[in-house]
Amino acid sequence: MTAPEDLRAGLRGAGVALQVGPFVVRLRSRLDRVERALALFYDRQLLPPEQAAFADFHITLARASGLHWLWRPQARFFLDGRSPFRPLPLAHAYPLFEWGLNWCIAQHAHDFLMIHAAVLERNGRALVMPGEPGAGKSTLTAALTLSGWRLLSDEFALLSLTDGQLVALPRPVSLKNAAIDLIRERYPQAVIGPASHDTSKGTVAHLRPPDASIQKMHDPARPAWLVFPRFAAGGRDHLAPLDRAVALQRLVGSSFNYSVVGAAGFEAAADLIEQSACLELEYADLDATLGLLNDLTAGGA
Amino acid sequence: MSVPEEPLELISLPVAHVRAWGESVVVFDQRCGETHVLQPPLTELFQALQEGPMTPTALFEYLEQRYEAAEGELEDAMQAGLSQLREHHLICDPADSRDA
């Protein structure tokens with residue numbers, strides 16, 4: 001456990017190193033809200049200095065310079081000293097870190113086929129859930145995470161190009177809008193950080209991953225189910241088989257780097273399809289859907 | 001004297017880049033990075049040519065044994081399928097082999 005004063009000194013000095021799945025992130029920031037968020041979400045992933053000689057990403061979050069900070073303070077994200085994005089309101093500094101880290105991973109982690117998908121594991125078998133924005137992926141991910149599934153990732157399925165396993169990238173689950181209160185009310189044990197309002201995704205708040213997800217951060221999982229969720233208010237909760245060729249097309253369409261990794265990416269994606277039950281999920285009621293997904297582990301598919 | 005038919009031949013594809021799933025065949029072409037999803041009756045043509053080069057006549061006979069269709073319809077379907085395989089660049093261009 002890192003003492004608060006050490007965290008602050010590290011962030012304001014040479015930076016602190018975080019183990020985020022297979023990546024080491026070195027982060028520097030003088031922003032109090034980033035420090036608080038880090039203490040809440042990443043305290044278990046801080047590396048001692050002797051283990052942090054190398055980092056994959058060197059990130060700085062700083063207050064944007066210029067006169068406008070007087071009436072509209074902003075935060076800026078830097079990777080290796082360069083700022084790839086426009087600044088955001090200072091109140092969105094922590095979401096900016098998470099979104100910026102997504103960008104870093106998507107731009108650089110080509111040892112994996114990267115898919116915009118949640119990944120959870122139970123009994124050594126992984127559930128991969130790609131989802132368009134609004135499909136309800138993060139809500140389902142949070143609910144499953146708080147119901148005994150191990151969180152591997154909320155945003156990125158990292159599919160190893162060498163052995164076809166899913167590599168964990170446990171980070172806070174990004175909850176949006178109505179899902180924040182839904183999860184808070186339903187799971188009183190959930191640790192949810194402060195909400196950031198009026199972001200490009202509406203109101204955003206993050207769920208701290210359970211200890212078990214962090215402790216097993218280095219344990220990969222074999223794909224077993226590929227489920228494409230779609231939230232349909234008033235709809236009928238059901239799982240239906242999905243044609244494998246269609247599933248592959250959707251999977252590829254959700255990948256960040258399929259065209260970059262070439263043949264190895266096709267082979268990994270096709271192997272995942274062949275190892276998994278491919279399903280479409282229409283969901284309206286969280287209880288009913290959790291029942292359907294939990295039944296998968298009991299041999300339902 | 002009749003002109004000998006040029007045999008039709010698929011491009012060389014690693015086994016791992018061709019996946020037959022139900023009625024579909026998914027093909028990855030590593031020359032261009034494209035992924036093709038073939039549906040019947042294209043899959044029949046593709047799978048026939050996977051067995052080895054065939055002349056159009058031999059291919060027609062292969063299909064004739066499997067489909068109950070009027071000769072003209074089958075010929076049209078075969079030609080349409082071959083056009084699609086050519087559009088996907090999955091059939092060797094005879095000009096390439098002459099150049100080699």
# chains A, B, ... in the order shown; residues from 1 in each chain; ligands from 1
>>> select_by_dssp(residues="segment 52-244 of chain A", states="alpha helix (DSSP H)", output="PyMOL selection string")
chain A and resi 93-108+137-145+178-186+211-215+244
>>> residues_around(residues="Glu132 of chain A", least_positions_apart="6", cutoff="9 Å", atoms="only C-alpha atoms", output="ChimeraX atom specification")
/A:116-117,229-230,254
>>> interface_residues(of="chain B", to="chain A", cutoff="12 Å", atoms="only C-alpha atoms", output="PyMOL selection string")
chain B and resi 13-39
>>> residues_around(residues="Ala135 of chain A", least_positions_apart="3", cutoff="10 Å", atoms="only C-alpha atoms", output="VMD selection string")
chain A and resid 130 to 132 138 to 140 228 to 232 282 to 283
>>> residues_around(residues="Leu207 of chain A", least_positions_apart="5", cutoff="8 Å", atoms="only C-alpha atoms", output="list in words")
Ala142, Pro172, Val173, Ser174, Leu175, Ala190, Val191, Ile192 and Gly193 of chain A
>>> write_last_selection(atoms="C-alpha atoms", output="mmCIF file, in the first residue's frame")
data_model
loop_
_atom_site.group_PDB
_atom_site.id
_atom_site.type_symbol
_atom_site.label_atom_id
_atom_site.label_comp_id
_atom_site.auth_asym_id
_atom_site.auth_seq_id
_atom_site.Cartn_x
_atom_site.Cartn_y
_atom_site.Cartn_z
ATOM 1 C CA ALA A 142 -20.339 -3.995 -13.957
ATOM 2 C CA PRO A 172 -12.192 0.812 -13.658
ATOM 3 C CA VAL A 173 -15.482 0.134 -15.439
ATOM 4 C CA SER A 174 -16.813 3.270 -17.058
ATOM 5 C CA LEU A 175 -20.478 3.692 -16.142
ATOM 6 C CA ALA A 190 -19.791 -1.268 -5.308
ATOM 7 C CA VAL A 191 -17.105 1.404 -4.988
ATOM 8 C CA ILE A 192 -17.976 4.078 -7.507
ATOM 9 C CA GLY A 193 -15.970 7.265 -7.876
#
>>> select_by_dssp(residues="segment 43-257 of chain A", states="strand (DSSP E or B)", output="short mmCIF file (atom, residue, chain, number, x, y, z; two decimals) with N, CA and C atoms, in the first residue's frame")
data_model
loop_
_atom_site.label_atom_id
_atom_site.label_comp_id
_atom_site.auth_asym_id
_atom_site.auth_seq_id
_atom_site.Cartn_x
_atom_site.Cartn_y
_atom_site.Cartn_z
N LEU A 46 0.01 0.07 -8.08
CA LEU A 46 1.20 0.93 -8.05
C LEU A 46 2.43 0.05 -7.87
N PHE A 57 4.14 3.38 -21.45
CA PHE A 57 3.54 4.69 -21.76
C PHE A 57 3.95 5.69 -20.68
N HIS A 58 4.44 6.84 -21.12
CA HIS A 58 4.80 7.93 -20.21
C HIS A 58 3.75 9.02 -20.39
N ILE A 59 2.88 9.12 -19.42
CA ILE A 59 1.71 10.01 -19.53
C ILE A 59 1.81 11.13 -18.50
N THR A 60 1.45 12.30 -18.93
CA THR A 60 1.34 13.43 -18.00
C THR A 60 -0.04 14.05 -18.17
N LEU A 61 -0.69 14.32 -17.05
CA LEU A 61 -1.94 15.09 -17.08
C LEU A 61 -1.67 16.41 -16.39
N ALA A 62 -1.88 17.48 -17.11
CA ALA A 62 -1.52 18.79 -16.56
C ALA A 62 -2.63 19.79 -16.83
N ARG A 63 -2.60 20.83 -16.08
CA ARG A 63 -3.52 21.93 -16.32
C ARG A 63 -3.10 22.60 -17.63
N GLN A 74 -8.77 23.92 -17.74
CA GLN A 74 -8.79 22.71 -18.55
C GLN A 74 -7.62 21.80 -18.21
N ALA A 75 -7.80 20.52 -18.54
CA ALA A 75 -6.73 19.54 -18.35
C ALA A 75 -6.26 19.06 -19.73
N ARG A 76 -4.98 18.78 -19.81
CA ARG A 76 -4.43 18.31 -21.07
C ARG A 76 -3.68 17.00 -20.84
N PHE A 77 -3.76 16.13 -21.82
CA PHE A 77 -3.15 14.80 -21.76
C PHE A 77 -1.89 14.83 -22.63
N PHE A 78 -0.79 14.34 -22.08
CA PHE A 78 0.46 14.27 -22.83
C PHE A 78 0.96 12.82 -22.84
N LEU A 79 1.38 12.38 -24.01
CA LEU A 79 2.09 11.11 -24.13
C LEU A 79 3.48 11.43 -24.65
N ARG A 82 4.02 14.88 -25.83
CA ARG A 82 3.19 15.45 -26.89
C ARG A 82 1.72 15.28 -26.55
N LEU A 88 -9.61 19.10 -22.17
CA LEU A 88 -10.98 18.96 -21.69
C LEU A 88 -11.13 19.77 -20.41
N PRO A 89 -12.36 20.04 -20.00
CA PRO A 89 -12.55 20.75 -18.72
C PRO A 89 -11.80 20.04 -17.60
N PHE A 112 -1.31 -7.89 -29.88
CA PHE A 112 -2.64 -8.46 -29.65
C PHE A 112 -3.57 -8.06 -30.80
N LEU A 113 -4.60 -8.90 -31.00
CA LEU A 113 -5.74 -8.39 -31.75
C LEU A 113 -6.59 -7.67 -30.71
N MET A 114 -6.79 -6.39 -30.93
CA MET A 114 -7.54 -5.60 -29.94
C MET A 114 -8.97 -5.41 -30.43
N ILE A 115 -9.89 -5.75 -29.57
CA ILE A 115 -11.31 -5.67 -29.92
C ILE A 115 -12.02 -4.80 -28.90
N HIS A 116 -12.89 -3.94 -29.39
CA HIS A 116 -13.68 -3.11 -28.47
C HIS A 116 -14.73 -4.01 -27.82
N ALA A 117 -14.37 -4.56 -26.69
CA ALA A 117 -15.24 -5.57 -26.07
C ALA A 117 -14.92 -5.68 -24.59
N ALA A 118 -15.93 -6.06 -23.83
CA ALA A 118 -15.71 -6.42 -22.42
C ALA A 118 -15.32 -7.89 -22.37
N VAL A 119 -14.50 -8.22 -21.38
CA VAL A 119 -14.12 -9.62 -21.18
C VAL A 119 -14.25 -9.97 -19.70
N LEU A 120 -14.95 -11.06 -19.45
CA LEU A 120 -15.11 -11.54 -18.07
C LEU A 120 -14.84 -13.04 -18.06
N GLU A 121 -14.51 -13.53 -16.88
CA GLU A 121 -14.13 -14.95 -16.81
C GLU A 121 -14.79 -15.61 -15.62
N ARG A 122 -15.16 -16.85 -15.83
CA ARG A 122 -15.65 -17.66 -14.72
C ARG A 122 -15.21 -19.09 -14.97
N ARG A 125 -13.08 -19.85 -18.03
CA ARG A 125 -13.62 -19.66 -19.38
C ARG A 125 -14.08 -18.22 -19.54
N ALA A 126 -13.74 -17.66 -20.69
CA ALA A 126 -13.98 -16.22 -20.87
C ALA A 126 -15.20 -15.94 -21.73
N LEU A 127 -15.89 -14.90 -21.32
CA LEU A 127 -17.01 -14.34 -22.06
C LEU A 127 -16.52 -13.04 -22.71
N VAL A 128 -16.63 -12.96 -24.03
CA VAL A 128 -16.23 -11.75 -24.76
C VAL A 128 -17.50 -11.08 -25.25
N MET A 129 -17.64 -9.79 -24.92
CA MET A 129 -18.85 -9.06 -25.30
C MET A 129 -18.51 -7.79 -26.06
N PRO A 130 -18.41 -7.87 -27.38
CA PRO A 130 -18.23 -6.64 -28.14
C PRO A 130 -19.54 -5.84 -28.10
N ARG A 150 -14.95 -12.67 -12.99
CA ARG A 150 -13.70 -11.91 -12.91
C ARG A 150 -13.65 -10.94 -14.08
N LEU A 151 -13.37 -9.68 -13.76
CA LEU A 151 -13.23 -8.66 -14.80
C LEU A 151 -11.84 -8.77 -15.43
N LEU A 152 -11.82 -8.99 -16.74
CA LEU A 152 -10.54 -8.87 -17.46
C LEU A 152 -10.44 -7.50 -18.11
N SER A 153 -11.57 -7.02 -18.64
CA SER A 153 -11.54 -5.69 -19.24
C SER A 153 -12.95 -5.21 -19.51
N PHE A 156 -11.37 -3.31 -23.67
CA PHE A 156 -10.46 -3.93 -24.63
C PHE A 156 -10.41 -5.43 -24.41
N ALA A 157 -10.74 -6.19 -25.44
CA ALA A 157 -10.35 -7.59 -25.43
C ALA A 157 -8.96 -7.64 -26.06
N LEU A 158 -8.00 -8.10 -25.29
CA LEU A 158 -6.63 -8.27 -25.80
C LEU A 158 -6.45 -9.74 -26.12
N LEU A 159 -6.52 -10.07 -27.39
CA LEU A 159 -6.43 -11.47 -27.82
C LEU A 159 -4.99 -11.73 -28.27
N SER A 160 -4.32 -12.61 -27.55
CA SER A 160 -2.91 -12.86 -27.86
C SER A 160 -2.78 -13.45 -29.26
N LEU A 166 -6.99 -14.71 -23.87
CA LEU A 166 -7.40 -13.33 -23.58
C LEU A 166 -6.62 -12.83 -22.37
N VAL A 167 -5.94 -11.74 -22.56
CA VAL A 167 -5.07 -11.18 -21.54
C VAL A 167 -5.83 -10.10 -20.78
N VAL A 173 -14.41 0.26 -14.45
CA VAL A 173 -15.48 0.13 -15.44
C VAL A 173 -16.14 1.50 -15.58
N SER A 174 -16.25 1.94 -16.80
CA SER A 174 -16.81 3.27 -17.06
C SER A 174 -18.33 3.18 -17.16
N LEU A 175 -19.01 3.70 -16.15
CA LEU A 175 -20.48 3.69 -16.14
C LEU A 175 -20.98 5.04 -16.63
N LYS A 176 -22.07 4.98 -17.38
CA LYS A 176 -22.59 6.23 -17.94
C LYS A 176 -24.06 6.44 -17.56
N ILE A 192 -17.84 3.27 -6.29
CA ILE A 192 -17.98 4.08 -7.51
C ILE A 192 -17.44 5.48 -7.21
N SER A 196 -18.45 12.61 -13.33
CA SER A 196 -18.05 13.74 -14.17
C SER A 196 -19.22 14.04 -15.10
N HIS A 197 -19.75 15.24 -14.99
CA HIS A 197 -20.94 15.59 -15.76
C HIS A 197 -20.57 16.28 -17.08
N ASP A 198 -21.50 16.21 -18.01
CA ASP A 198 -21.38 16.93 -19.29
C ASP A 198 -20.13 16.55 -20.08
N THR A 199 -19.73 15.29 -20.00
CA THR A 199 -18.64 14.84 -20.87
C THR A 199 -19.27 14.52 -22.24
N GLY A 202 -21.88 12.04 -21.76
CA GLY A 202 -22.86 12.34 -20.72
C GLY A 202 -22.18 12.32 -19.37
N THR A 203 -22.90 11.86 -18.36
CA THR A 203 -22.31 11.74 -17.03
C THR A 203 -21.58 10.40 -16.94
N VAL A 204 -20.35 10.48 -16.44
CA VAL A 204 -19.52 9.28 -16.37
C VAL A 204 -19.02 9.11 -14.94
N ALA A 205 -19.06 7.88 -14.45
CA ALA A 205 -18.43 7.55 -13.16
C ALA A 205 -17.83 6.17 -13.29
N HIS A 206 -16.79 5.92 -12.51
CA HIS A 206 -16.05 4.68 -12.67
C HIS A 206 -16.24 3.75 -11.46
N LEU A 207 -16.29 2.47 -11.77
CA LEU A 207 -16.43 1.42 -10.75
C LEU A 207 -15.06 0.81 -10.51
N ALA A 221 -7.20 -16.03 -19.96
CA ALA A 221 -8.36 -16.93 -19.98
C ALA A 221 -8.64 -17.36 -21.42
N ARG A 222 -9.17 -18.57 -21.53
CA ARG A 222 -9.52 -19.11 -22.85
C ARG A 222 -10.90 -18.62 -23.27
N PRO A 223 -11.07 -18.21 -24.51
CA PRO A 223 -12.41 -17.78 -24.93
C PRO A 223 -13.39 -18.95 -24.95
N ALA A 224 -14.59 -18.70 -24.49
CA ALA A 224 -15.63 -19.74 -24.49
C ALA A 224 -16.95 -19.25 -25.07
N TRP A 225 -17.24 -17.96 -24.86
CA TRP A 225 -18.50 -17.41 -25.37
C TRP A 225 -18.23 -16.05 -26.00
N LEU A 226 -18.79 -15.87 -27.16
CA LEU A 226 -18.73 -14.57 -27.84
C LEU A 226 -20.17 -14.09 -27.94
N VAL A 227 -20.49 -13.07 -27.17
CA VAL A 227 -21.88 -12.62 -27.07
C VAL A 227 -21.97 -11.15 -27.50
N PHE A 228 -22.85 -10.88 -28.44
CA PHE A 228 -23.06 -9.50 -28.91
C PHE A 228 -24.32 -8.97 -28.24
N PRO A 229 -24.18 -8.10 -27.24
CA PRO A 229 -25.38 -7.63 -26.54
C PRO A 229 -26.04 -6.45 -27.26
N ARG A 230 -27.32 -6.34 -27.06
CA ARG A 230 -28.05 -5.18 -27.57
C ARG A 230 -29.15 -4.87 -26.58
N PHE A 231 -29.07 -3.67 -25.99
CA PHE A 231 -30.11 -3.27 -25.04
C PHE A 231 -31.36 -2.89 -25.82
N HIS A 238 -33.28 -12.55 -24.37
CA HIS A 238 -32.99 -13.88 -24.89
C HIS A 238 -31.63 -13.92 -25.59
N LEU A 239 -31.08 -15.12 -25.58
CA LEU A 239 -29.83 -15.41 -26.29
C LEU A 239 -30.19 -16.24 -27.51
N ALA A 240 -29.59 -15.90 -28.64
CA ALA A 240 -29.86 -16.68 -29.86
C ALA A 240 -28.54 -16.98 -30.55
N PRO A 241 -28.43 -18.19 -31.13
CA PRO A 241 -27.19 -18.52 -31.83
C PRO A 241 -26.94 -17.55 -32.99
N SER A 255 -12.78 -4.45 -34.10
CA SER A 255 -11.35 -4.47 -33.78
C SER A 255 -10.71 -3.12 -34.08
#
>>> residues_around(residues="Pro56 of chain B", least_positions_apart="4", cutoff="10 Å", atoms="only C-alpha atoms", output="list in words")
Glu5, Glu6, Pro7, Leu8, Phe60, Glu61, Tyr62, Glu75, Met78, Gln79 and Leu82 of chain B
>>> write_last_selection(atoms="C-alpha atoms", output="PDB file, in the first residue's frame")
ATOM      1  CA  GLU B   5      -9.230 -24.866 -72.132  1.00  0.00           C
ATOM      2  CA  GLU B   6      -7.216 -22.944 -69.595  1.00  0.00           C
ATOM      3  CA  PRO B   7      -7.606 -24.644 -66.195  1.00  0.00           C
ATOM      4  CA  LEU B   8      -9.057 -22.544 -63.401  1.00  0.00           C
ATOM      5  CA  PHE B  60     -19.364 -27.731 -64.879  1.00  0.00           C
ATOM      6  CA  GLU B  61     -19.490 -31.518 -64.709  1.00  0.00           C
ATOM      7  CA  TYR B  62     -18.611 -31.396 -61.012  1.00  0.00           C
ATOM      8  CA  GLU B  75     -23.823 -22.537 -66.677  1.00  0.00           C
ATOM      9  CA  MET B  78     -21.149 -21.015 -62.617  1.00  0.00           C
ATOM     10  CA  GLN B  79     -20.074 -18.063 -64.725  1.00  0.00           C
ATOM     11  CA  LEU B  82     -16.435 -17.407 -61.289  1.00  0.00           C
TER      12      LEU B  82
END
>>> residues_around(residues="Val20 of chain A", least_positions_apart="5", cutoff="10 Å", atoms="only C-alpha atoms", output="list in words")
Val25, Tyr42, Gln45, Leu46, Ala168, Leu169, Pro170, Arg171, Ile214, Met217 and His218 of chain A
>>> residues_around(residues="Ala53 of chain A", least_positions_apart="5", cutoff="12 Å", atoms="only C-alpha atoms", output="compact mmCIF listing (two decimals) with N, CA and C atoms, in the first residue's frame")
# COMPACT_ATOMS: atom_id res chain seq x y z
N ALA A 14 8.93 12.29 -10.37
CA ALA A 14 9.29 11.53 -11.57
C ALA A 14 8.13 10.72 -12.13
N GLY A 15 7.02 10.70 -11.40
CA GLY A 15 5.86 9.93 -11.85
C GLY A 15 5.73 8.64 -11.07
N VAL A 16 4.50 8.08 -11.09
CA VAL A 16 4.29 6.78 -10.45
C VAL A 16 4.06 5.75 -11.56
N ALA A 17 4.46 4.51 -11.27
CA ALA A 17 4.30 3.45 -12.27
C ALA A 17 3.13 2.56 -11.88
N LEU A 18 2.27 2.30 -12.85
CA LEU A 18 1.09 1.46 -12.63
C LEU A 18 1.20 0.22 -13.50
N VAL A 24 2.98 -1.27 -18.41
CA VAL A 24 3.37 -0.40 -17.30
C VAL A 24 3.16 1.04 -17.77
N VAL A 25 2.42 1.78 -16.98
CA VAL A 25 2.11 3.17 -17.30
C VAL A 25 2.81 4.05 -16.29
N ARG A 26 3.59 5.00 -16.76
CA ARG A 26 4.17 5.97 -15.84
C ARG A 26 3.37 7.26 -15.95
N LEU A 47 3.42 0.26 -8.69
CA LEU A 47 4.65 -0.53 -8.61
C LEU A 47 5.68 0.17 -7.74
N PRO A 48 6.41 -0.60 -6.93
CA PRO A 48 7.49 0.03 -6.18
C PRO A 48 8.57 0.51 -7.16
N HIS A 58 4.44 6.84 -21.12
CA HIS A 58 4.80 7.93 -20.21
C HIS A 58 3.75 9.02 -20.39
>>> atom_distance(atom1="atom CA of Leu40 of chain A", atom2="atom CA of Pro4 of chain A")
10.8 Å
>>> atom_distance(atom1="atom CA of Ala52 of chain A", atom2="atom CA of Pro194 of chain A")
28.9 Å
>>> atom_distance(atom1="atom CA of Glu73 of chain B", atom2="atom CA of Cys92 of chain B")
24.9 Å
